[in-house]
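Scroll down for the structure; my scribbles are underneath it.
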Amino acid sequence: MNNVTIAGIGAYVPSLVVTNEKISEFVDTNNDWIVERTGITERRISEGENTSDISIEAAKIALERAGVKAEDLDLIIVATISPDMFIPSVACIMQSKLNAGKAACFDISVACSGFLYGLEIANSMMKSMNYKNALVVGAEVLSKVMDWSDRGTCILFGDGGGAAVLKNEPSDSKGIIKSYLRSDGAKGEALTIGAADFNTPFTKEPQLKDRIIKMNGREVFKFATNAIVESVNEILKDTGVSLDEIKYIVPHQANYRIIKSAANKLGIDEERWYLNLDRFGNTSAGSVPIVLNEMYEKNLINKGDKFILVAFGGGLTYAATLVEW
């Protein structure tokens, strides 16, 4: 029986490390204040690399580890809210630069939940259209849309991304077992980035947009904690898998206090939640694949291991995916 499995994982982050001390040089904050509220000590910031550049570097690693050639890809999905441009999509730019033949390509805009949405979209398309190989990417250059004078947001975010190669073939591994995808658009104003201006010869009053991240931190915190708890519980209920069978919970790396609160509500020891947000901050759609890549490189993922990926983000959106390696 064919299963859709993660055959290769890769990640890439810019080389520039921006510490809390560096940020405190231009906004009113300090290292202790940031660490206490977020758990973040540093993040990576692009010095000119765009989202497609980061995506391509992550994809090259994932393809090599999977033993798949770019020309054999049937599908490329990129989850991002910081594309190089509106069109062409980051996925199409990648297809061209990787020489990925005529793979179907598109981007999705699901903010921090994007990589998980991308996994399930790819999983479903591979089964329904009999695709053999797919590439799912989560990548961001959020520094492009950052208000560097707002200490409530500029301390949180970083640049980077990761990629997963999926194979649809007979396998002992169950691969992507179950996904849970949900949204709450009524709370969408809690986290926004403005888009194109509405300013035409026919517009009575120009509507100019702020193309920067704006966030109601308190509202997002409350939503995120509840979203994690709901998503993990629903995945376990729908699959009948027990917590004892789960090696790790792999959460979106947004804020240590959010993850700690959710862990307490679920009764899952913090040691089973893999975190690296202290070094990379919140990379939105990039965070979960960046974590998976680090776990892979540390030999923390072995064949047959089950883990739950869980994320939440702008929209507002949230998701969880049960995966067997």
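Labels for the structure tokens follow display order: chains A, B, ..., residues from 1 in each chain, ligands from 1.
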Next on the checklist: Using DSSP secondary structure from the backbone, list all strand (DSSP E or B) positions within stretch 41-144 of chain A, as a PyMOL selection string.
Outcome noted: chain A and resi 42-44+75-79+104-108+133-140
Checklist entry - Excluding same-chain residues fewer than 5 positions from stretch 283-287 of chain A, what lies within 7 Å of it counting only C-alpha atoms, as an MDAnalysis selection string? => result chainID A and resid 79:80 111:115 138:140 157:162 252:253
Could those residues be written to a file, using C-alpha atoms, as a PDB file, in the first residue's frame?
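Output (out-v1.pdb):
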```
ATOM      1  CA  ALA A  79       4.032  28.452   2.382  1.00  0.00           C
ATOM      2  CA  THR A  80       4.980  32.091   2.894  1.00  0.00           C
ATOM      3  CA  ALA A 111       1.145  32.505   7.964  1.00  0.00           C
ATOM      4  CA  CYS A 112       2.706  30.399  10.724  1.00  0.00           C
ATOM      5  CA  SER A 113       0.393  27.431  10.035  1.00  0.00           C
ATOM      6  CA  GLY A 114       1.456  27.343   6.399  1.00  0.00           C
ATOM      7  CA  PHE A 115       3.893  24.429   6.418  1.00  0.00           C
ATOM      8  CA  GLY A 138       7.906  26.969   4.588  1.00  0.00           C
ATOM      9  CA  ALA A 139      10.069  30.073   4.331  1.00  0.00           C
ATOM     10  CA  GLU A 140      10.008  33.736   5.315  1.00  0.00           C
ATOM     11  CA  PHE A 157      10.619  37.442  14.361  1.00  0.00           C
ATOM     12  CA  GLY A 158      13.463  36.034  12.297  1.00  0.00           C
ATOM     13  CA  ASP A 159      14.210  34.959   8.725  1.00  0.00           C
ATOM     14  CA  GLY A 160      14.703  31.410   7.485  1.00  0.00           C
ATOM     15  CA  GLY A 161      12.987  28.385   6.073  1.00  0.00           C
ATOM     16  CA  GLY A 162      12.821  24.657   5.650  1.00  0.00           C
ATOM     17  CA  HIS A 252       5.476  26.429  15.895  1.00  0.00           C
ATOM     18  CA  GLN A 253       8.261  28.421  17.545  1.00  0.00           C
TER      19      GLN A 253
END
```
Next on the checklist: Please determine, counting only C-alpha atoms, which residue among A:Val141, A:Ala103, A:Leu166, A:Ala224 has the shortest atom-to-atom distance to A:Pro14.
Outcome noted: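 Distance minimum relative to A:Pro14 lands on A:Val141.
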Next on the checklist: I'd like the neighbourhood of stretch 178-194 of chain A as a VMD selection string, where a residue qualifies if any of its atoms comes within 6 Å (using only C-alpha atoms), though same-chain residues fewer than 5 positions away should be ignored.
Outcome noted: chain A and resid 209 to 216 314 to 322
Item to check | Closest of A:Asn30, A:Val35, A:Asn276, A:Asn123 to A:Lys174 - atom-to-atom distances counting only C-alpha atoms | outcome: A:Asn123
Next on the checklist: Using DSSP assignments from the backbone, pull out every residue in stretch 106-307 of chain A that falls under alpha helix (DSSP H) and give it to me as JSON, numbers by chain.
Outcome noted: {"A": [114, 115, 116, 117, 118, 119, 120, 121, 122, 123, 124, 125, 126, 127, 128, 129, 151, 152, 153, 154, 217, 218, 219, 220, 221, 222, 223, 224, 225, 226, 227, 228, 229, 230, 231, 232, 233, 234, 235, 236, 237, 238, 239, 256, 257, 258, 259, 260, 261, 262, 263, 264, 265, 266, 277, 278, 279, 280, 287, 288, 289, 290, 291, 292, 293, 294, 295, 296, 297]}
Identify, on the basis of only C-alpha atoms, every residue whose closest approach to A:Gln95 does not exceed 10 Å; exclude the query and any residue fewer than 2 positions from it along the same chain; express the result as a short mmCIF file (atom, residue, chain, number, x, y, z; two decimals) with N, CA and C atoms, in the first residue's frame.
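Contents of out02.cif, as written:
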```cif
data_model
loop_
_atom_site.label_atom_id
_atom_site.label_comp_id
_atom_site.auth_asym_id
_atom_site.auth_seq_id
_atom_site.Cartn_x
_atom_site.Cartn_y
_atom_site.Cartn_z
N ILE A 56 15.25 27.78 -1.91
CA ILE A 56 16.06 26.95 -2.80
C ILE A 56 17.17 26.24 -2.03
N ALA A 70 15.41 17.21 -8.76
CA ALA A 70 14.41 18.27 -8.92
C ALA A 70 13.53 18.02 -10.14
N GLU A 71 14.12 17.47 -11.20
CA GLU A 71 13.35 17.24 -12.43
C GLU A 71 12.27 16.17 -12.25
N LEU A 73 10.25 16.08 -9.60
CA LEU A 73 9.18 16.60 -8.75
C LEU A 73 7.90 16.80 -9.56
N LEU A 75 5.23 18.31 -7.87
CA LEU A 75 4.49 19.37 -7.17
C LEU A 75 5.45 20.15 -6.28
N ILE A 76 5.32 21.48 -6.29
CA ILE A 76 6.05 22.34 -5.37
C ILE A 76 5.06 23.29 -4.72
N SER A 89 4.94 33.30 -8.36
CA SER A 89 5.02 32.75 -7.01
C SER A 89 6.45 32.31 -6.69
N VAL A 90 6.73 32.21 -5.40
CA VAL A 90 8.03 31.68 -4.98
C VAL A 90 8.21 30.26 -5.53
N ALA A 91 7.14 29.48 -5.54
CA ALA A 91 7.22 28.11 -6.04
C ALA A 91 7.64 28.08 -7.51
N CYS A 92 7.11 29.00 -8.32
CA CYS A 92 7.49 29.04 -9.73
C CYS A 92 8.93 29.51 -9.91
N ILE A 93 9.35 30.45 -9.09
CA ILE A 93 10.75 30.88 -9.13
C ILE A 93 11.66 29.70 -8.80
N LYS A 97 14.66 27.86 -11.13
CA LYS A 97 16.06 27.84 -10.70
C LYS A 97 16.55 26.43 -10.35
N LEU A 98 15.63 25.56 -9.96
CA LEU A 98 16.01 24.18 -9.65
C LEU A 98 15.92 23.26 -10.87
N ASN A 99 15.39 23.80 -11.98
CA ASN A 99 15.15 22.99 -13.18
C ASN A 99 14.22 21.83 -12.87
N ALA A 100 13.09 22.18 -12.26
CA ALA A 100 12.15 21.16 -11.80
C ALA A 100 11.07 20.84 -12.83
N GLY A 101 11.44 20.83 -14.11
CA GLY A 101 10.52 20.39 -15.15
C GLY A 101 9.24 21.18 -15.18
N LYS A 102 8.11 20.47 -15.23
CA LYS A 102 6.81 21.12 -15.29
C LYS A 102 5.97 20.82 -14.05
N ALA A 103 6.63 20.69 -12.92
CA ALA A 103 5.92 20.45 -11.67
C ALA A 103 4.86 21.51 -11.44
N ALA A 104 3.72 21.11 -10.92
CA ALA A 104 2.68 22.07 -10.53
C ALA A 104 3.23 22.91 -9.37
N CYS A 105 3.07 24.23 -9.47
CA CYS A 105 3.68 25.13 -8.48
C CYS A 105 2.69 26.17 -8.00
#
```
Checklist entry - Can you list, as a list in words, every protein, DNA or RNA residue that comes within 7 Å of stretch 238-251 of chain A when you count only C-alpha atoms, leaving out same-chain residues fewer than 6 positions away? => result Arg272, Trp273, Tyr274, Val288, Asp305, Lys306, Phe307, Ile308, Leu309, Val310 and Ala311 of chain A
